[in-house]
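> I'd like to ask some things about the structure below.
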Amino acid sequence: MNDVRLVTTQARLDELARELSDTEAIAVDVEADGLFVYRAKLCMLQFAWKNGDSSEIAIVDPFTVDLTVLGPVLSGSGPLKVLHDLTFDARMLAEANIPLDHVRDTSVAARFLGEQATGLQRMVQSRLGIELTKTLQEHDWAKRPLLPAELEYLAADVRHLLALDAILEGEVMDRGMADEVELECQYKLATALRPPRDERPLHVRIKGYGDLDDVGRSVLRRLVETRERLAEAADVPPFRIVRNEVLIDLARHRPTSELDLRRGFGRDRAVRNLVDWQHAVTLGLADEPESKPVVVAPPPDFAERRAFERTLSHWRRRCAEERGVDPQVVVPGHCMNGLALALFALGRNGIDPSQALNDVEGLGAFRILRYGAEWRNLGASLALSSGEGALASGEGAVSSGEGCSSH
């Protein structure tokens, strides 16, 4: 642990910020306490970097210092930041008012290289032959003081990250997909800082909501509201108050007596707040029954659109095989729907998809330049098909014998 420094004073953090600003690349990781509190907070911040022929590691305690001095280091003007699965890290740093930019994500590189298991432990073992322990993966990092074993665990999460990045970057360059990996890292960073896509009420997101009757859905809404209130008051995650499965069961049976409620909760701690839960069920029963959301009927051209999506997927697989890369490199999965809609509009209406393609986030101008002509051929093939024949078979324009564009 001689290479690990624990930073707990502002003077030492200021010194660290100056040192990090002069490096070319920094391994970064963070820890929080989301399994133990209602709203997670940043609890630890770890760095690793090269200092000549040696490596150094610093563990920063956010509870004792003002982290804003690290802003320039972690911004786009600072050194390259290497993280593994950056989404969580970026969100926690943003909440601490430290925007993250100029990043590379080793999990993205691993996924684009076709790895099925992309966790840090697996990648360090497969590429470096080093076994990492994850015994403290669910540890409460808000606890102080930090013990030697905890410090070593924190250090291990960044100790090998730069070496792993160097190996994966070499493989990425050999496969000729550096542009794709860089764009995907930026896309992942941008989406990490946005609000969750699922904007539905909390109770609607619970598995089993759709299986309840109208009254049960109203009761579930009140139960979830009660759980959120109790969790916030106790400063614990909602699942530690009561599990989703228990709430669904209570909404289905709607017990109102103390005995039935105790039976419904079983061993869950929520029984301690019996009056609150009784009140929630009573309110739910008195509410206007909540109808199940209406399922929007598919558009008339749905079958034709699906056939075209299969054609596009077939093209992507074939192109990936010819390039010797994972299909995600050719077109990431999150771009497929936007790409399909743009090209489908070309086939149906003859509309030039150029603007629509530019609007597909994460697709990238270099992909449009590389594959644009083939995509337009795919879209144009719709004008010659009724949704059966070539399209239905998953072939379409890709059966013309033209190879996947290589430049």
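Following the order of the structure tokens, first chain is A, next is B, and so on, with residues numbered from 1 inside each chain and ligands from 1 in the order they appear.
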So that I can see what lies close to A:Phe366, please list as a PyMOL selection string the residues with an atom at most 9 Å from it, counting only C-alpha atoms and leaving out residues fewer than 3 positions away in the same chain.
chain A and resi 179-180+363+369-371
> Residues near A:Ser21, anyone? I mean within 10 Å using only C-alpha atoms, not counting same-chain ones fewer than 5 positions away, as a count of residues only.
9
> Between atom CA of A:Glu225 and atom CA of A:Leu202, measure the distance and give it in Å to one decimal.
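If I compute the distance from atom CA of A:Glu225 to atom CA of A:Leu202, I get 8.5 Å.
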> Can you list, as a list in words, every protein, DNA or RNA residue that comes within 8 Å of A:Leu80 when you count only C-alpha atoms, leaving out same-chain residues fewer than 6 positions away?
Glu24, Ala25, Ile26, His102, Val103 and Arg104 of chain A
> As a ChimeraX atom specification, please: the residues near A:Thr226 (cut-off 12 Å, only C-alpha atoms, same-chain neighbours under 4 positions excluded).
/A:202-203,219-222,230-233,238,241-242,247,270,273-281,283-284
> Keeping C-alpha atoms, export the residues of the selection given above as an mmCIF file, in the first residue's frame.

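As a result, selection34.cif now contains:
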```cif
data_model
loop_
_atom_site.group_PDB
_atom_site.id
_atom_site.type_symbol
_atom_site.label_atom_id
_atom_site.label_comp_id
_atom_site.auth_asym_id
_atom_site.auth_seq_id
_atom_site.Cartn_x
_atom_site.Cartn_y
_atom_site.Cartn_z
ATOM 1 C CA LEU A 202 -43.278 4.832 -9.541
ATOM 2 C CA HIS A 203 -46.124 2.384 -8.920
ATOM 3 C CA VAL A 219 -54.269 0.734 -3.791
ATOM 4 C CA LEU A 220 -50.776 0.060 -5.127
ATOM 5 C CA ARG A 221 -50.304 3.760 -5.863
ATOM 6 C CA ARG A 222 -51.118 4.639 -2.248
ATOM 7 C CA LEU A 230 -41.313 6.153 5.134
ATOM 8 C CA ALA A 231 -38.065 5.482 3.254
ATOM 9 C CA GLU A 232 -37.204 9.165 3.031
ATOM 10 C CA ALA A 233 -37.984 9.682 6.720
ATOM 11 C CA PRO A 238 -37.390 1.966 -0.474
ATOM 12 C CA ILE A 241 -38.864 -0.721 3.829
ATOM 13 C CA VAL A 242 -40.792 -3.336 1.893
ATOM 14 C CA LEU A 247 -46.761 -4.400 -2.233
ATOM 15 C CA ALA A 270 -42.882 -2.481 7.111
ATOM 16 C CA ASN A 273 -45.702 1.127 10.506
ATOM 17 C CA LEU A 274 -48.994 -0.704 10.551
ATOM 18 C CA VAL A 275 -51.174 2.393 10.929
ATOM 19 C CA ASP A 276 -49.583 4.007 7.879
ATOM 20 C CA TRP A 277 -50.201 0.936 5.765
ATOM 21 C CA GLN A 278 -53.785 0.587 6.933
ATOM 22 C CA HIS A 279 -54.360 4.206 5.975
ATOM 23 C CA ALA A 280 -52.783 3.638 2.545
ATOM 24 C CA VAL A 281 -55.084 0.701 1.775
ATOM 25 C CA LEU A 283 -57.237 5.638 0.770
ATOM 26 C CA GLY A 284 -56.644 3.390 -2.215
#
```
> Could the residues of stretch 318-349 of chain A that have an atom at most 10 Å from stretch 105-113 of chain A be listed as CSV, each with its closest atom pair and the distance in Å to one decimal, counting only C-alpha atoms and ordered by chain and ascending residue number?

```
residue,atom,partner,partner_atom,distance
A:Gly324,CA,A:Leu113,CA,9.7
A:Val325,CA,A:Leu113,CA,6.8
A:Asp326,CA,A:Phe112,CA,5.8
A:Pro327,CA,A:Phe112,CA,8.1
A:Gln328,CA,A:Phe112,CA,6.2
A:Val329,CA,A:Phe112,CA,5.8
A:Val330,CA,A:Phe112,CA,9.5
A:Pro332,CA,A:Phe112,CA,9.2
```
> Please produce an output containing N, CA and C atoms for each residue in the selection, written as a PDB file, in the first residue's frame.

```pdb
ATOM      1  N   GLY A 324     -15.243  -8.357 -39.508  1.00  0.00           N
ATOM      2  CA  GLY A 324     -14.671  -9.111 -38.403  1.00  0.00           C
ATOM      3  C   GLY A 324     -14.836  -8.410 -37.078  1.00  0.00           C
ATOM      4  N   VAL A 325     -16.001  -7.729 -36.907  1.00  0.00           N
ATOM      5  CA  VAL A 325     -16.263  -6.991 -35.679  1.00  0.00           C
ATOM      6  C   VAL A 325     -17.639  -7.372 -35.151  1.00  0.00           C
ATOM      7  N   ASP A 326     -17.936  -6.922 -33.949  1.00  0.00           N
ATOM      8  CA  ASP A 326     -19.249  -7.132 -33.359  1.00  0.00           C
ATOM      9  C   ASP A 326     -20.275  -6.245 -34.070  1.00  0.00           C
ATOM     10  N   PRO A 327     -21.523  -6.706 -34.245  1.00  0.00           N
ATOM     11  CA  PRO A 327     -22.542  -5.874 -34.891  1.00  0.00           C
ATOM     12  C   PRO A 327     -22.722  -4.509 -34.246  1.00  0.00           C
ATOM     13  N   GLN A 328     -22.451  -4.379 -32.939  1.00  0.00           N
ATOM     14  CA  GLN A 328     -22.590  -3.095 -32.275  1.00  0.00           C
ATOM     15  C   GLN A 328     -21.634  -2.053 -32.851  1.00  0.00           C
ATOM     16  N   VAL A 329     -20.525  -2.505 -33.408  1.00  0.00           N
ATOM     17  CA  VAL A 329     -19.558  -1.579 -33.998  1.00  0.00           C
ATOM     18  C   VAL A 329     -20.144  -0.965 -35.267  1.00  0.00           C
ATOM     19  N   VAL A 330     -20.812  -1.768 -36.064  1.00  0.00           N
ATOM     20  CA  VAL A 330     -21.393  -1.281 -37.316  1.00  0.00           C
ATOM     21  C   VAL A 330     -22.490  -0.266 -37.028  1.00  0.00           C
ATOM     22  N   PRO A 332     -24.710   0.695 -33.383  1.00  0.00           N
ATOM     23  CA  PRO A 332     -25.107   0.341 -32.006  1.00  0.00           C
ATOM     24  C   PRO A 332     -26.602   0.050 -31.923  1.00  0.00           C
TER      25      PRO A 332
END
```
> Write out as an mmCIF file with C-alpha atoms, in the first residue's frame all residues of stretch 17-168 of chain A that DSSP puts in alpha helix (DSSP H) for this structure's backbone.

```cif
data_model
loop_
_atom_site.group_PDB
_atom_site.id
_atom_site.type_symbol
_atom_site.label_atom_id
_atom_site.label_comp_id
_atom_site.auth_asym_id
_atom_site.auth_seq_id
_atom_site.Cartn_x
_atom_site.Cartn_y
_atom_site.Cartn_z
ATOM 1 C CA ALA A 17 -5.133 18.291 -8.418
ATOM 2 C CA ARG A 18 -1.926 19.968 -9.591
ATOM 3 C CA GLU A 19 -0.206 16.624 -9.962
ATOM 4 C CA LEU A 20 -3.090 15.058 -11.906
ATOM 5 C CA SER A 21 -3.322 18.013 -14.282
ATOM 6 C CA GLY A 71 -13.213 20.321 -11.791
ATOM 7 C CA PRO A 72 -10.528 21.316 -14.325
ATOM 8 C CA VAL A 73 -8.861 17.906 -14.044
ATOM 9 C CA LEU A 74 -12.062 15.974 -14.738
ATOM 10 C CA LEU A 86 -18.796 5.251 -16.553
ATOM 11 C CA THR A 87 -22.565 5.808 -16.225
ATOM 12 C CA PHE A 88 -22.778 5.644 -12.440
ATOM 13 C CA ASP A 89 -19.511 7.514 -11.927
ATOM 14 C CA ALA A 90 -20.596 10.365 -14.211
ATOM 15 C CA ARG A 91 -23.925 10.739 -12.432
ATOM 16 C CA MET A 92 -22.412 10.817 -8.960
ATOM 17 C CA LEU A 93 -19.753 13.331 -9.994
ATOM 18 C CA ALA A 94 -22.367 15.522 -11.668
ATOM 19 C CA GLU A 95 -24.416 15.549 -8.468
ATOM 20 C CA THR A 106 -13.060 0.116 -21.002
ATOM 21 C CA SER A 107 -16.448 -1.607 -20.783
ATOM 22 C CA VAL A 108 -17.426 -0.034 -24.128
ATOM 23 C CA ALA A 109 -14.212 -1.270 -25.715
ATOM 24 C CA ALA A 110 -14.808 -4.752 -24.306
ATOM 25 C CA ARG A 111 -18.388 -4.843 -25.586
ATOM 26 C CA PHE A 112 -17.373 -3.656 -29.057
ATOM 27 C CA LEU A 120 -14.045 -5.189 -14.499
ATOM 28 C CA GLN A 121 -13.199 -8.345 -12.572
ATOM 29 C CA ARG A 122 -13.664 -10.496 -15.662
ATOM 30 C CA MET A 123 -11.736 -8.182 -17.985
ATOM 31 C CA VAL A 124 -8.753 -7.773 -15.633
ATOM 32 C CA GLN A 125 -8.582 -11.538 -15.255
ATOM 33 C CA SER A 126 -8.863 -12.263 -19.001
ATOM 34 C CA ARG A 127 -6.470 -9.573 -20.235
ATOM 35 C CA LEU A 128 -4.018 -9.200 -17.336
ATOM 36 C CA PRO A 148 -6.746 -1.063 5.604
ATOM 37 C CA ALA A 149 -8.708 -3.800 3.823
ATOM 38 C CA GLU A 150 -11.216 -1.225 2.585
ATOM 39 C CA LEU A 151 -8.468 1.061 1.291
ATOM 40 C CA GLU A 152 -6.870 -1.839 -0.565
ATOM 41 C CA TYR A 153 -10.222 -2.745 -2.126
ATOM 42 C CA LEU A 154 -10.699 0.846 -3.292
ATOM 43 C CA ALA A 155 -7.195 0.964 -4.713
ATOM 44 C CA ALA A 156 -7.667 -2.296 -6.593
ATOM 45 C CA ASP A 157 -10.551 -0.836 -8.604
ATOM 46 C CA VAL A 158 -8.194 1.633 -10.308
ATOM 47 C CA ARG A 159 -4.794 -0.042 -9.897
ATOM 48 C CA LEU A 161 -7.373 0.151 -15.162
ATOM 49 C CA LEU A 162 -4.763 1.993 -17.238
ATOM 50 C CA ALA A 163 -3.006 -1.268 -18.130
ATOM 51 C CA LEU A 164 -6.341 -2.792 -19.139
ATOM 52 C CA ASP A 165 -7.147 0.269 -21.217
ATOM 53 C CA ALA A 166 -3.815 0.069 -23.044
ATOM 54 C CA ILE A 167 -4.439 -3.552 -24.031
ATOM 55 C CA LEU A 168 -8.034 -2.962 -25.125
#
```
